[in-house]
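Text of query22.csv, listed as CSV, C-alpha atoms:
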```
chain,number,residue,atom,x,y,z
A,22,MET,CA,50.1,-11.7,55.3
A,23,ARG,CA,49.6,-15.3,56.3
A,24,HIS,CA,51.5,-18.3,55.2
A,25,ALA,CA,49.5,-21.2,54.0
A,26,TYR,CA,50.7,-24.1,56.0
A,27,ALA,CA,47.3,-25.3,57.3
A,28,PRO,CA,47.7,-24.5,60.9
A,29,ARG,CA,44.0,-25.2,61.6
A,30,ALA,CA,44.5,-28.8,60.7
A,31,ALA,CA,47.0,-29.2,63.5
A,32,THR,CA,44.8,-27.6,66.1
A,33,ALA,CA,41.8,-29.7,65.1
A,34,ALA,CA,43.9,-32.9,65.3
A,35,MET,CA,45.0,-32.0,68.8
A,36,ALA,CA,41.3,-31.5,69.8
A,37,GLY,CA,40.6,-35.0,68.6
A,38,VAL,CA,38.3,-34.1,65.7
A,39,ALA,CA,38.9,-34.7,62.0
A,40,PRO,CA,40.9,-31.9,60.6
A,41,PRO,CA,39.1,-29.7,58.0
A,42,ALA,CA,40.1,-30.2,54.3
A,43,LYS,CA,43.5,-28.7,53.8
A,44,ARG,CA,43.9,-25.9,51.4
A,45,PHE,CA,47.4,-25.3,50.1
A,46,TYR,CA,48.7,-22.6,47.8
A,47,HIS,CA,50.3,-23.9,44.7
A,48,GLU,CA,54.1,-23.8,44.7
A,49,ARG,CA,54.0,-21.2,41.9
A,50,VAL,CA,51.8,-18.9,44.0
A,51,ILE,CA,54.2,-19.4,47.0
A,52,ASP,CA,57.1,-18.6,44.7
A,53,HIS,CA,55.6,-15.2,43.7
A,54,TYR,CA,54.6,-14.5,47.3
A,55,GLU,CA,58.1,-15.1,48.5
A,56,ASN,CA,59.9,-13.7,45.5
A,57,PRO,CA,57.6,-11.1,44.0
A,58,ARG,CA,58.7,-9.8,40.7
A,59,ASN,CA,58.7,-6.0,40.0
A,60,MET,CA,57.4,-4.9,43.4
A,61,GLY,CA,57.5,-1.2,43.9
A,62,SER,CA,56.4,2.0,42.3
A,63,LEU,CA,57.0,4.4,39.4
A,64,ASP,CA,56.5,8.1,39.4
A,65,LYS,CA,52.8,8.7,39.0
A,66,SER,CA,53.3,12.2,37.6
A,67,ASP,CA,55.7,11.0,34.8
A,68,PRO,CA,53.8,11.4,31.5
A,69,THR,CA,55.2,8.1,30.3
A,70,VAL,CA,53.7,6.2,33.3
A,71,GLY,CA,50.2,4.7,33.5
A,72,THR,CA,48.8,3.8,36.9
A,73,GLY,CA,46.0,1.3,37.4
A,74,LEU,CA,44.4,1.0,40.9
A,75,VAL,CA,41.7,-1.7,41.3
A,76,GLY,CA,39.9,-3.5,44.0
A,77,ALA,CA,38.7,-2.3,47.4
A,78,PRO,CA,40.0,-2.8,50.9
A,79,ALA,CA,36.6,-4.0,52.1
A,80,CYS,CA,36.8,-6.8,49.6
A,81,GLY,CA,40.2,-7.7,50.8
A,82,ASP,CA,42.2,-7.1,47.6
A,83,VAL,CA,43.7,-3.9,46.3
A,84,MET,CA,46.2,-3.8,43.4
A,85,ARG,CA,48.2,-1.0,42.0
A,86,LEU,CA,50.0,-1.6,38.8
A,87,GLN,CA,52.2,0.9,37.0
A,88,ILE,CA,53.7,0.7,33.5
A,89,LYS,CA,56.3,2.9,31.8
A,90,VAL,CA,55.8,3.1,28.1
A,91,ASP,CA,58.3,4.2,25.5
A,92,ASP,CA,57.6,6.2,22.3
A,93,GLY,CA,57.1,2.9,20.4
A,94,GLY,CA,54.2,1.9,22.6
A,95,LYS,CA,56.2,-0.8,24.4
A,96,ILE,CA,56.1,-1.4,28.1
A,97,VAL,CA,59.7,-0.8,29.3
A,98,ASP,CA,59.1,-0.9,33.0
A,99,VAL,CA,56.4,-2.2,35.3
A,100,LYS,CA,55.9,-2.2,39.0
A,101,PHE,CA,53.1,-3.4,41.3
A,102,LYS,CA,52.0,-3.3,44.9
A,103,THR,CA,49.2,-5.5,46.1
A,104,PHE,CA,47.3,-5.7,49.4
A,105,GLY,CA,45.6,-9.1,49.6
A,106,CYS,CA,45.9,-12.8,49.7
A,107,GLY,CA,48.7,-14.9,48.2
A,108,SER,CA,46.8,-15.5,45.0
A,109,ALA,CA,46.2,-11.8,44.5
A,110,ILE,CA,49.9,-11.1,45.1
A,111,ALA,CA,50.9,-13.9,42.7
A,112,SER,CA,48.4,-12.8,40.0
A,113,SER,CA,49.7,-9.2,40.0
A,114,SER,CA,53.4,-10.3,40.3
A,115,TYR,CA,52.9,-12.7,37.4
A,116,ILE,CA,51.2,-10.2,35.2
A,117,THR,CA,54.0,-7.7,35.6
A,118,GLU,CA,56.4,-10.4,34.3
A,119,ARG,CA,54.2,-11.1,31.3
A,120,VAL,CA,53.7,-7.5,30.2
A,121,ARG,CA,57.3,-6.4,30.5
A,122,GLY,CA,58.5,-5.8,26.9
A,123,MET,CA,55.0,-6.1,25.4
A,124,SER,CA,53.2,-3.6,23.3
A,125,LEU,CA,50.1,-2.1,24.9
A,126,ASP,CA,47.8,-4.0,22.5
A,127,ASP,CA,49.4,-7.3,23.4
A,128,ALA,CA,49.1,-6.5,27.1
A,129,LEU,CA,45.4,-5.9,26.6
A,130,LYS,CA,45.0,-9.4,25.3
A,131,ILE,CA,46.1,-11.1,28.5
A,132,ARG,CA,43.1,-12.9,30.0
A,133,ASN,CA,42.4,-13.8,33.6
A,134,THR,CA,42.2,-17.4,32.4
A,135,ASP,CA,45.9,-17.3,31.3
A,136,ILE,CA,46.9,-16.1,34.8
A,137,ALA,CA,44.7,-18.6,36.6
A,138,LYS,CA,46.0,-21.5,34.5
A,139,GLU,CA,49.7,-20.5,35.0
A,140,LEU,CA,49.3,-20.2,38.8
A,141,CYS,CA,46.9,-23.2,39.1
A,142,LEU,CA,44.5,-21.0,41.0
A,143,PRO,CA,41.6,-22.8,42.7
A,144,PRO,CA,38.0,-21.8,41.8
A,145,VAL,CA,37.5,-19.5,44.7
A,146,LYS,CA,40.6,-17.5,43.7
A,147,LEU,CA,39.8,-16.9,40.0
A,148,HIS,CA,38.6,-13.4,41.1
A,149,CYS,CA,42.2,-12.5,41.9
A,150,SER,CA,43.3,-13.2,38.4
A,151,MET,CA,40.4,-11.2,37.1
A,152,LEU,CA,41.5,-8.3,39.3
A,153,ALA,CA,45.0,-8.5,37.8
A,154,GLU,CA,43.5,-8.4,34.3
A,155,ASP,CA,41.5,-5.3,35.4
A,156,ALA,CA,44.7,-3.8,36.8
A,157,ILE,CA,46.7,-3.9,33.5
A,158,LYS,CA,43.7,-2.6,31.6
A,159,SER,CA,43.3,0.2,34.1
A,160,ALA,CA,47.0,1.2,33.8
A,161,ILE,CA,46.9,1.2,30.0
A,162,LYS,CA,43.7,3.3,30.0
A,163,ASP,CA,45.3,5.8,32.4
A,164,PHE,CA,48.4,6.0,30.2
A,165,ARG,CA,46.4,6.6,27.1
A,166,THR,CA,44.2,9.1,28.8
A,167,LYS,CA,47.2,11.1,29.9
A,168,ARG,CA,48.6,11.0,26.4
A,169,GLY,CA,45.7,12.9,24.8
A,170,GLY,CA,42.7,10.8,25.3
A,171,SER,CA,43.2,8.6,22.3
A,172,LEU,CA,42.0,5.1,23.0
A,173,VAL,CA,43.0,3.9,19.5
A,174,SER,CA,45.4,1.0,19.4
A,175,GLY,CA,49.0,1.5,18.5
A,176,THR,CA,51.7,3.6,20.1
A,177,GLY,CA,51.3,6.2,22.8
A,178,ALA,CA,48.9,8.8,21.3
A,179,GLN,CA,50.5,11.9,19.8
A,180,PRO,CA,49.1,15.2,21.1
A,181,THR,CA,46.2,16.2,18.9
A,182,VAL,CA,47.1,18.8,16.2
A,183,PRO,CA,44.8,21.8,16.2
A,184,GLN,CA,42.6,21.8,13.0
A,185,SER,CA,43.5,24.6,10.7
A,186,ILE,CA,40.6,27.0,10.3
A,187,ALA,CA,39.3,27.4,6.7
A,188,ALA,CA,40.2,30.8,5.3
B,6,MET,CA,21.3,1.0,45.5
B,7,LEU,CA,20.2,-1.9,47.6
B,8,SER,CA,20.0,-1.3,51.4
B,9,ASP,CA,22.1,-3.6,53.6
B,10,SER,CA,19.0,-5.5,54.7
B,11,ALA,CA,17.5,-5.8,51.2
B,12,TYR,CA,20.9,-7.1,50.0
B,13,TYR,CA,21.0,-9.6,52.8
B,14,GLU,CA,17.5,-10.8,52.0
B,15,GLU,CA,17.9,-11.1,48.3
B,16,SER,CA,21.3,-12.7,48.3
B,17,SER,CA,20.3,-15.2,51.1
B,18,GLU,CA,17.2,-16.1,49.2
B,19,ALA,CA,19.0,-16.6,46.0
B,20,LEU,CA,21.7,-18.8,47.5
B,21,GLU,CA,19.3,-20.8,49.6
B,22,ARG,CA,17.1,-21.5,46.6
B,23,LEU,CA,20.0,-22.6,44.5
B,24,THR,CA,21.3,-24.9,47.3
B,25,GLU,CA,18.0,-26.6,47.7
B,26,CYS,CA,17.5,-27.1,44.0
B,27,LEU,CA,21.1,-28.4,43.5
B,28,GLU,CA,20.7,-30.8,46.4
B,29,ASP,CA,17.6,-32.2,44.8
B,30,LEU,CA,19.4,-32.4,41.5
B,31,GLY,CA,22.2,-34.4,43.0
B,32,ASP,CA,19.6,-36.8,44.4
B,33,GLN,CA,17.7,-37.1,41.1
B,34,MET,CA,20.5,-37.5,38.7
B,35,GLU,CA,23.4,-39.8,39.1
B,36,ILE,CA,26.5,-37.6,38.7
B,37,ASP,CA,29.9,-38.9,39.6
B,38,ASP,CA,31.6,-37.1,42.5
B,39,TYR,CA,28.7,-34.6,42.8
B,40,ASP,CA,28.8,-32.5,45.9
B,41,ILE,CA,27.0,-29.5,47.1
B,42,GLU,CA,27.7,-27.4,50.2
B,43,TYR,CA,26.5,-24.1,51.4
B,44,SER,CA,28.0,-22.5,54.5
B,45,SER,CA,29.0,-19.0,55.6
B,46,GLY,CA,27.5,-17.5,52.5
B,47,VAL,CA,29.5,-19.7,50.1
B,48,LEU,CA,27.9,-22.2,47.9
B,49,THR,CA,30.3,-24.8,46.5
B,50,LEU,CA,29.1,-27.2,43.7
B,51,LYS,CA,31.4,-29.9,42.6
B,52,LEU,CA,30.6,-31.6,39.4
B,53,GLY,CA,33.4,-34.2,39.4
B,54,SER,CA,35.4,-34.0,36.2
B,55,LYS,CA,33.3,-31.0,35.0
B,56,GLY,CA,34.9,-28.8,37.7
B,57,THR,CA,33.7,-26.8,40.6
B,58,TYR,CA,31.4,-23.8,40.9
B,59,VAL,CA,31.7,-21.3,43.7
B,60,ILE,CA,28.9,-18.8,44.2
B,61,ASN,CA,29.2,-16.5,47.2
B,62,LYS,CA,27.9,-13.4,48.8
B,63,GLN,CA,30.2,-10.3,48.6
B,64,PRO,CA,28.6,-8.0,51.1
B,65,PRO,CA,31.0,-5.0,50.8
B,66,ASN,CA,30.0,-4.7,47.1
B,67,LYS,CA,26.4,-6.0,47.7
B,68,GLN,CA,27.1,-8.5,45.0
B,69,ILE,CA,27.1,-12.2,44.4
B,70,TRP,CA,30.3,-13.5,43.0
B,71,LEU,CA,30.5,-16.5,40.7
B,72,SER,CA,33.5,-18.7,39.8
B,73,SER,CA,32.6,-21.0,36.9
B,74,PRO,CA,34.9,-23.8,35.6
B,75,VAL,CA,33.5,-22.9,32.2
B,76,SER,CA,33.4,-19.1,32.0
B,77,GLY,CA,35.6,-18.1,34.9
B,78,PRO,CA,34.9,-15.4,37.5
B,79,GLU,CA,32.0,-13.0,37.3
B,80,ARG,CA,30.2,-10.5,39.5
B,81,TYR,CA,26.5,-9.9,39.8
B,82,ASP,CA,24.5,-6.9,41.0
B,83,PHE,CA,20.9,-7.1,41.9
B,84,ASP,CA,18.4,-5.4,39.6
B,85,SER,CA,15.3,-4.5,41.6
B,86,THR,CA,13.1,-3.9,38.6
B,87,LEU,CA,13.9,-7.3,37.1
B,88,GLY,CA,14.3,-9.0,40.4
B,89,ALA,CA,17.4,-10.7,39.2
B,90,TRP,CA,21.2,-10.7,39.6
B,91,PHE,CA,22.9,-9.3,36.5
B,92,CYS,CA,26.4,-8.9,35.3
B,93,ARG,CA,27.4,-5.8,33.5
B,94,HIS,CA,29.8,-7.4,31.1
B,95,LYS,CA,27.5,-9.9,29.4
B,96,ASP,CA,24.2,-8.5,30.4
B,97,GLU,CA,23.1,-11.9,31.5
B,98,SER,CA,21.5,-13.0,34.7
B,99,LEU,CA,23.1,-15.5,37.1
B,100,GLY,CA,20.1,-17.8,36.7
B,101,ALA,CA,20.4,-17.7,32.9
B,102,LEU,CA,24.1,-18.5,33.0
B,103,LEU,CA,23.6,-21.4,35.4
B,104,ASN,CA,20.8,-22.8,33.3
B,105,ARG,CA,23.0,-22.6,30.2
B,106,GLU,CA,26.1,-24.0,31.7
B,107,LEU,CA,24.6,-26.7,33.9
B,108,SER,CA,22.4,-27.9,31.1
B,109,ALA,CA,25.5,-28.3,28.9
B,110,ALA,CA,27.5,-30.0,31.7
B,111,LEU,CA,24.8,-32.4,32.7
B,112,GLY,CA,23.3,-33.1,29.2
B,113,ALA,CA,19.8,-32.3,30.4
B,114,LYS,CA,17.6,-29.2,30.5
B,115,ILE,CA,18.3,-27.7,33.9
B,116,THR,CA,16.4,-24.7,35.2
B,117,MET,CA,17.5,-22.9,38.3
B,118,PRO,CA,14.9,-21.4,40.7
B,119,ILE,CA,16.2,-17.9,40.3
B,120,GLU,CA,15.9,-15.6,37.3
```
I need this file expressed as C-alpha coordinates, please.
Amino acid sequence: MRHAYAPRAATAAMAGVAPPAKRFYHERVIDHYENPRNMGSLDKSDPTVGTGLVGAPACGDVMRLQIKVDDGGKIVDVKFKTFGCGSAIASSSYITERVRGMSLDDALKIRNTDIAKELCLPPVKLHCSMLAEDAIKSAIKDFRTKRGGSLVSGTGAQPTVPQSIAA
Amino acid sequence: MLSDSAYYEESSEALERLTECLEDLGDQMEIDDYDIEYSSGVLTLKLGSKGTYVINKQPPNKQIWLSSPVSGPERYDFDSTLGAWFCRHKDESLGALLNRELSAALGAKITMPIE
(Lines of atoms letter the chains of each structure in order from A and count residues from 1; the text may use other names and numbers.)
(Lines give C-alpha, C1' and ligand atoms only; values in the text may rest on other atoms or scores of the structure.)
Protein backbone atom coordinates (compact mmCIF):
# COMPACT_ATOMS: atom_id res chain seq x y z
CA MET A 1 0.00 0.00 0.00
CA ARG A 2 1.34 3.37 -0.84
CA HIS A 3 1.59 6.35 1.47
CA ALA A 4 0.26 9.59 0.09
CA TYR A 5 3.10 12.03 0.52
CA ALA A 6 3.08 13.31 -3.10
CA PRO A 7 6.43 11.90 -4.19
CA ARG A 8 5.73 12.82 -7.80
CA ALA A 9 5.79 16.52 -6.96
CA ALA A 10 9.37 16.25 -5.74
CA THR A 11 10.53 14.45 -8.88
CA ALA A 12 8.85 16.96 -11.16
CA ALA A 13 10.39 19.87 -9.26
CA MET A 14 13.83 18.37 -9.69
CA ALA A 15 13.24 18.03 -13.42
CA GLY A 16 12.49 21.74 -13.59
CA VAL A 17 8.82 21.42 -14.53
CA ALA A 18 5.82 22.61 -12.53
CA PRO A 19 4.80 19.82 -10.14
CA PRO A 20 1.39 18.25 -10.81
CA ALA A 21 -1.47 19.22 -8.48
CA LYS A 22 -0.87 17.54 -5.15
CA ARG A 23 -3.40 15.08 -3.91
CA PHE A 24 -3.38 14.38 -0.21
CA TYR A 25 -5.38 11.96 1.84
CA HIS A 26 -7.40 13.63 4.55
CA GLU A 27 -5.98 13.14 8.05
CA ARG A 28 -9.00 11.02 9.01
CA VAL A 29 -8.26 8.65 6.15
CA ILE A 30 -4.61 8.46 7.15
CA ASP A 31 -5.68 7.74 10.73
CA HIS A 32 -7.80 4.77 9.66
CA TYR A 33 -5.05 3.57 7.36
CA GLU A 34 -2.41 3.66 10.10
CA ASN A 35 -4.73 2.60 12.92
CA PRO A 36 -7.39 0.46 11.32
CA ARG A 37 -10.27 -0.42 13.59
CA ASN A 38 -11.48 -4.00 13.79
CA MET A 39 -9.15 -5.49 11.24
CA GLY A 40 -9.26 -9.26 11.11
CA SER A 41 -11.72 -12.08 10.61
CA LEU A 42 -14.51 -14.03 12.25
CA ASP A 43 -15.41 -17.67 11.76
CA LYS A 44 -17.31 -17.79 8.48
CA SER A 45 -18.99 -21.08 9.43
CA ASP A 46 -20.35 -19.71 12.71
CA PRO A 47 -24.15 -19.44 12.34
CA THR A 48 -24.15 -16.09 14.14
CA VAL A 49 -21.69 -14.61 11.66
CA GLY A 50 -22.57 -12.87 8.39
CA THR A 51 -19.89 -12.36 5.76
CA GLY A 52 -20.00 -9.75 3.04
CA LEU A 53 -17.49 -9.80 0.19
CA VAL A 54 -17.66 -7.01 -2.37
CA GLY A 55 -15.57 -5.50 -5.09
CA ALA A 56 -13.21 -7.03 -7.60
CA PRO A 57 -9.42 -7.23 -7.73
CA ALA A 58 -9.46 -5.97 -11.31
CA CYS A 59 -11.10 -2.78 -10.11
CA GLY A 60 -8.54 -2.38 -7.39
CA ASP A 61 -10.80 -2.71 -4.36
CA VAL A 62 -12.00 -5.77 -2.47
CA MET A 63 -13.66 -5.60 0.94
CA ARG A 64 -14.58 -8.40 3.27
CA LEU A 65 -16.75 -7.39 6.21
CA GLN A 66 -17.98 -9.81 8.85
CA ILE A 67 -20.52 -9.24 11.60
CA LYS A 68 -21.43 -11.34 14.60
CA VAL A 69 -25.05 -10.91 15.62
CA ASP A 70 -26.63 -11.79 18.95
CA ASP A 71 -30.14 -13.20 19.53
CA GLY A 72 -31.47 -9.70 19.93
CA GLY A 73 -30.37 -8.81 16.40
CA LYS A 74 -27.54 -6.60 17.58
CA ILE A 75 -24.09 -6.52 15.99
CA VAL A 76 -21.79 -7.55 18.82
CA ASP A 77 -18.59 -8.02 16.87
CA VAL A 78 -17.33 -6.87 13.50
CA LYS A 79 -14.15 -7.42 11.50
CA PHE A 80 -12.94 -6.26 8.12
CA LYS A 81 -10.15 -6.88 5.64
CA THR A 82 -9.70 -4.64 2.65
CA PHE A 83 -7.46 -4.73 -0.39
CA GLY A 84 -7.34 -1.32 -1.98
CA CYS A 85 -6.51 2.33 -1.68
CA GLY A 86 -6.36 4.36 1.52
CA SER A 87 -9.90 5.62 1.03
CA ALA A 88 -11.25 2.09 0.64
CA ILE A 89 -9.45 0.94 3.77
CA ALA A 90 -10.66 3.96 5.73
CA SER A 91 -14.25 3.56 4.50
CA SER A 92 -14.43 -0.06 5.61
CA SER A 93 -12.59 0.59 8.88
CA TYR A 94 -14.93 3.48 9.66
CA ILE A 95 -18.06 1.52 8.87
CA THR A 96 -17.01 -1.25 11.29
CA GLU A 97 -16.76 1.40 14.00
CA ARG A 98 -20.22 2.70 13.16
CA VAL A 99 -22.06 -0.63 13.10
CA ARG A 100 -20.65 -2.11 16.28
CA GLY A 101 -23.52 -2.23 18.77
CA MET A 102 -26.15 -1.36 16.16
CA SER A 103 -29.23 -3.34 15.27
CA LEU A 104 -29.22 -4.83 11.77
CA ASP A 105 -31.94 -2.43 10.66
CA ASP A 106 -29.97 0.60 11.83
CA ALA A 107 -26.85 -0.72 10.14
CA LEU A 108 -28.78 -0.98 6.88
CA LYS A 109 -29.56 2.72 7.09
CA ILE A 110 -25.94 3.80 6.84
CA ARG A 111 -25.39 5.59 3.54
CA ASN A 112 -22.23 5.99 1.54
CA THR A 113 -22.74 9.76 1.85
CA ASP A 114 -22.35 9.51 5.66
CA ILE A 115 -19.04 7.75 5.25
CA ALA A 116 -17.80 10.12 2.54
CA LYS A 117 -18.72 13.13 4.66
CA GLU A 118 -17.01 11.78 7.77
CA LEU A 119 -13.80 10.98 5.91
CA CYS A 120 -13.93 14.06 3.66
CA LEU A 121 -13.48 11.83 0.62
CA PRO A 122 -12.74 13.59 -2.66
CA PRO A 123 -15.13 13.07 -5.62
CA VAL A 124 -13.08 10.33 -7.24
CA LYS A 125 -13.16 8.28 -4.01
CA LEU A 126 -16.90 8.32 -3.39
CA HIS A 127 -17.00 4.88 -4.97
CA CYS A 128 -15.01 3.54 -2.01
CA SER A 129 -17.69 4.69 0.41
CA MET A 130 -20.33 3.08 -1.79
CA LEU A 131 -18.41 -0.18 -1.63
CA ALA A 132 -18.38 -0.02 2.18
CA GLU A 133 -22.16 0.47 2.15
CA ASP A 134 -22.44 -2.53 -0.18
CA ALA A 135 -20.21 -4.53 2.18
CA ILE A 136 -22.38 -4.09 5.27
CA LYS A 137 -25.52 -4.83 3.26
CA SER A 138 -23.89 -7.95 1.89
CA ALA A 139 -22.87 -9.13 5.38
CA ILE A 140 -26.36 -8.58 6.75
CA LYS A 141 -27.93 -10.34 3.79
CA ASP A 142 -25.59 -13.30 4.29
CA PHE A 143 -26.45 -13.49 7.99
CA ARG A 144 -30.19 -13.39 7.35
CA THR A 145 -29.93 -15.97 4.58
CA LYS A 146 -28.07 -18.33 6.90
CA ARG A 147 -30.74 -17.86 9.52
CA GLY A 148 -33.62 -19.22 7.49
CA GLY A 149 -33.95 -16.94 4.53
CA SER A 150 -36.13 -14.37 6.24
CA LEU A 151 -35.31 -10.92 5.00
CA VAL A 152 -37.86 -9.26 7.24
CA SER A 153 -36.55 -6.60 9.56
CA GLY A 154 -36.03 -7.33 13.20
CA THR A 155 -33.97 -9.88 15.06
CA GLY A 156 -32.10 -12.76 13.55
CA ALA A 157 -34.77 -14.89 11.89
CA GLN A 158 -36.10 -17.84 13.84
CA PRO A 159 -36.03 -21.17 12.01
CA THR A 160 -39.37 -21.57 10.20
CA VAL A 161 -41.84 -23.77 12.06
CA PRO A 162 -43.33 -26.51 9.84
CA GLN A 163 -47.00 -25.88 9.12
CA SER A 164 -49.28 -28.38 10.77
CA ILE A 165 -51.22 -30.45 8.26
CA ALA A 166 -54.98 -30.13 8.45
CA ALA A 167 -56.51 -33.34 9.73
CA MET B 1 -22.19 -8.55 -22.82
CA LEU B 2 -20.16 -5.94 -24.64
CA SER B 3 -16.94 -7.04 -26.28
CA ASP B 4 -13.75 -5.26 -25.27
CA SER B 5 -13.58 -3.35 -28.53
CA ALA B 6 -17.26 -2.39 -28.43
CA TYR B 7 -16.85 -1.20 -24.85
CA TYR B 8 -13.81 0.84 -25.83
CA GLU B 9 -15.67 2.45 -28.73
CA GLU B 10 -18.86 3.22 -26.85
CA SER B 11 -17.21 4.55 -23.72
CA SER B 12 -14.69 6.64 -25.64
CA GLU B 13 -17.39 8.14 -27.79
CA ALA B 14 -19.57 8.98 -24.80
CA LEU B 15 -16.78 10.66 -22.87
CA GLU B 16 -15.44 12.51 -25.90
CA ARG B 17 -18.88 13.85 -26.75
CA LEU B 18 -19.44 14.94 -23.18
CA THR B 19 -16.07 16.66 -23.05
CA GLU B 20 -16.66 18.60 -26.24
CA CYS B 21 -20.12 19.67 -25.16
CA LEU B 22 -18.94 20.70 -21.70
CA GLU B 23 -16.05 22.67 -23.15
CA ASP B 24 -18.47 24.59 -25.35
CA LEU B 25 -20.76 25.10 -22.39
CA GLY B 26 -17.96 26.66 -20.38
CA ASP B 27 -17.26 29.04 -23.24
CA GLN B 28 -20.89 30.01 -23.72
CA MET B 29 -21.94 30.44 -20.12
CA GLU B 30 -20.02 32.42 -17.57
CA ILE B 31 -19.62 30.10 -14.65
CA ASP B 32 -17.22 30.93 -11.87
CA ASP B 33 -14.33 28.51 -11.49
CA TYR B 34 -15.56 26.30 -14.32
CA ASP B 35 -13.03 23.76 -15.47
CA ILE B 36 -13.23 20.72 -17.69
CA GLU B 37 -10.49 18.20 -18.26
CA TYR B 38 -10.43 14.83 -19.97
CA SER B 39 -7.37 12.62 -19.79
CA SER B 40 -6.59 8.93 -19.39
CA GLY B 41 -10.26 8.05 -19.56
CA VAL B 42 -11.19 10.38 -16.72
CA LEU B 43 -13.41 13.40 -17.25
CA THR B 44 -13.32 15.97 -14.47
CA LEU B 45 -15.85 18.79 -14.46
CA LYS B 46 -15.50 21.50 -11.87
CA LEU B 47 -18.47 23.74 -11.27
CA GLY B 48 -16.92 25.98 -8.66
CA SER B 49 -19.04 26.08 -5.55
CA LYS B 50 -21.46 23.55 -7.03
CA GLY B 51 -18.84 20.83 -6.74
CA THR B 52 -16.95 18.47 -8.98
CA TYR B 53 -18.15 15.71 -11.28
CA VAL B 54 -15.88 12.82 -12.17
CA ILE B 55 -16.93 10.53 -15.00
CA ASN B 56 -14.54 7.77 -15.91
CA LYS B 57 -14.12 4.55 -17.80
CA GLN B 58 -13.96 1.40 -15.70
CA PRO B 59 -12.70 -1.20 -18.19
CA PRO B 60 -12.58 -4.25 -15.88
CA ASN B 61 -16.35 -3.93 -15.42
CA LYS B 62 -16.98 -2.46 -18.88
CA GLN B 63 -18.73 0.37 -17.11
CA ILE B 64 -18.68 4.12 -16.86
CA TRP B 65 -18.44 5.37 -13.31
CA LEU B 66 -19.88 8.65 -12.14
CA SER B 67 -19.19 10.69 -9.05
CA SER B 68 -21.72 13.47 -8.63
CA PRO B 69 -21.58 16.21 -6.00
CA VAL B 70 -25.38 16.00 -5.90
CA SER B 71 -26.21 12.30 -6.00
CA GLY B 72 -22.90 10.65 -5.15
CA PRO B 73 -21.35 7.64 -6.90
CA GLU B 74 -23.08 5.55 -9.56
CA ARG B 75 -22.14 2.92 -12.10
CA TYR B 76 -23.43 2.60 -15.65
CA ASP B 77 -23.64 -0.35 -17.99
CA PHE B 78 -24.16 -0.02 -21.71
CA ASP B 79 -27.52 -1.08 -23.05
CA SER B 80 -27.02 -2.00 -26.70
CA THR B 81 -30.72 -1.94 -27.59
CA LEU B 82 -31.20 1.56 -26.23
CA GLY B 83 -27.72 2.75 -27.12
CA ALA B 84 -27.33 4.34 -23.71
CA TRP B 85 -25.53 3.91 -20.41
CA PHE B 86 -27.94 2.86 -17.65
CA CYS B 87 -27.68 2.38 -13.93
CA ARG B 88 -29.53 -0.53 -12.41
CA HIS B 89 -30.52 1.22 -9.19
CA LYS B 90 -32.51 4.10 -10.54
CA ASP B 91 -33.06 2.84 -14.07
CA GLU B 92 -31.95 6.20 -15.42
CA SER B 93 -29.42 6.85 -18.15
CA LEU B 94 -26.23 8.81 -17.60
CA GLY B 95 -27.37 11.40 -20.12
CA ALA B 96 -30.68 11.88 -18.32
CA LEU B 97 -28.99 12.31 -14.96
CA LEU B 98 -26.51 14.85 -16.30
CA ASN B 99 -29.28 16.78 -18.06
CA ARG B 100 -31.24 16.92 -14.85
CA GLU B 101 -28.43 17.79 -12.48
CA LEU B 102 -26.57 20.22 -14.71
CA SER B 103 -29.75 22.07 -15.62
CA ALA B 104 -30.48 22.48 -11.92
CA ALA B 105 -26.92 23.52 -11.11
CA LEU B 106 -26.62 26.05 -13.91
CA GLY B 107 -30.18 27.35 -13.91
CA ALA B 108 -30.66 26.71 -17.61
CA LYS B 109 -31.89 23.83 -19.76
CA ILE B 110 -28.82 21.76 -20.44
CA THR B 111 -28.88 18.82 -22.81
CA MET B 112 -25.95 16.45 -23.07
CA PRO B 113 -25.12 14.85 -26.44
CA ILE B 114 -25.58 11.35 -25.07
CA GLU B 115 -28.78 9.51 -24.27
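Atom pair CA of Tyr58 (chain B) / CA of Ser72 (chain B): separated by 5.6 Å.
For the pair CA of Ser54 (chain B) and CA of His94 (chain B), the interatomic distance is 27.7 Å.
The two atoms in question, CA of Ser16 (chain B) and CA of Ala79 (chain A), are spaced 18.0 Å apart.
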Next on the checklist: I need the chain B residues near chain A as a list in words; criterion: at most 9 Å, counting only C-alpha atoms.
Outcome noted: Gly56, Thr57, Tyr58, Val59, Ile60, Gln63, Pro64, Pro65, Asn66, Trp70, Leu71, Ser72, Ser73, Pro74, Ser76, Gly77, Pro78 and Glu79 of chain B
Next on the checklist: List as a ChimeraX atom specification the protein and nucleic acid residues near Thr86 (chain B), meaning an atom at most 12 Å away when only C-alpha atoms are counted, but skip any in the same chain fewer than 4 places from it.
Outcome noted: /B:6-7,90-91
Checklist entry - Of the candidates A:Leu142, A:Leu86, A:Ala109, A:Leu125, which shows the shortest atom-to-atom distance to Ser159 (chain A), using all atoms listed in the file? => result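 Answer, going by the shortest atom-to-atom distance: A:Leu86.
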Item to check | For Asp127 (chain A): contacts at 12 Å, all atoms listed in the file, fewer than 3 positions along chain excluded, given as a list in words | outcome: Gly94, Lys95, Ile96, Arg119, Val120, Arg121, Gly122, Met123, Ser124, Lys130, Ile131, Arg132, Ile157, Lys158, Ile161, Ser174, Gly175 and Thr176 of chain A
Next on the checklist: Nearest residue to Met60 (chain A) out of A:Thr103, A:Leu74, A:Phe45, A:Val90, using all atoms listed in the file?
Outcome noted: A:Thr103
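When all atoms listed in the file are used to measure the gap to His53 (chain A), the shortest distance among A:Asp126, A:Asp135, A:Glu118, A:Asp163 belongs to A:Glu118.
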Item to check | For region 50-52 of chain A: contacts at 9 Å, all atoms listed in the file, fewer than 6 positions along chain excluded, given as an MDAnalysis selection string | outcome: chainID A and resid 24:25 107:108 110:112 140:142
Item to check | Asn61 (chain B) surroundings by only C-alpha atoms, 6 Å radius, close-in-sequence under 2 positions cut, as a PyMOL selection string | outcome: chain B and resi 46-48+69-70
Next on the checklist: If we count only C-alpha atoms and set the cut-off at 10 Å, which residues sit around Ile115 (chain B), ignoring sequence neighbours fewer than 3 positions away in its own chain? Please answer as a PyMOL selection string.
Outcome noted: chain B and resi 30+103-112+118
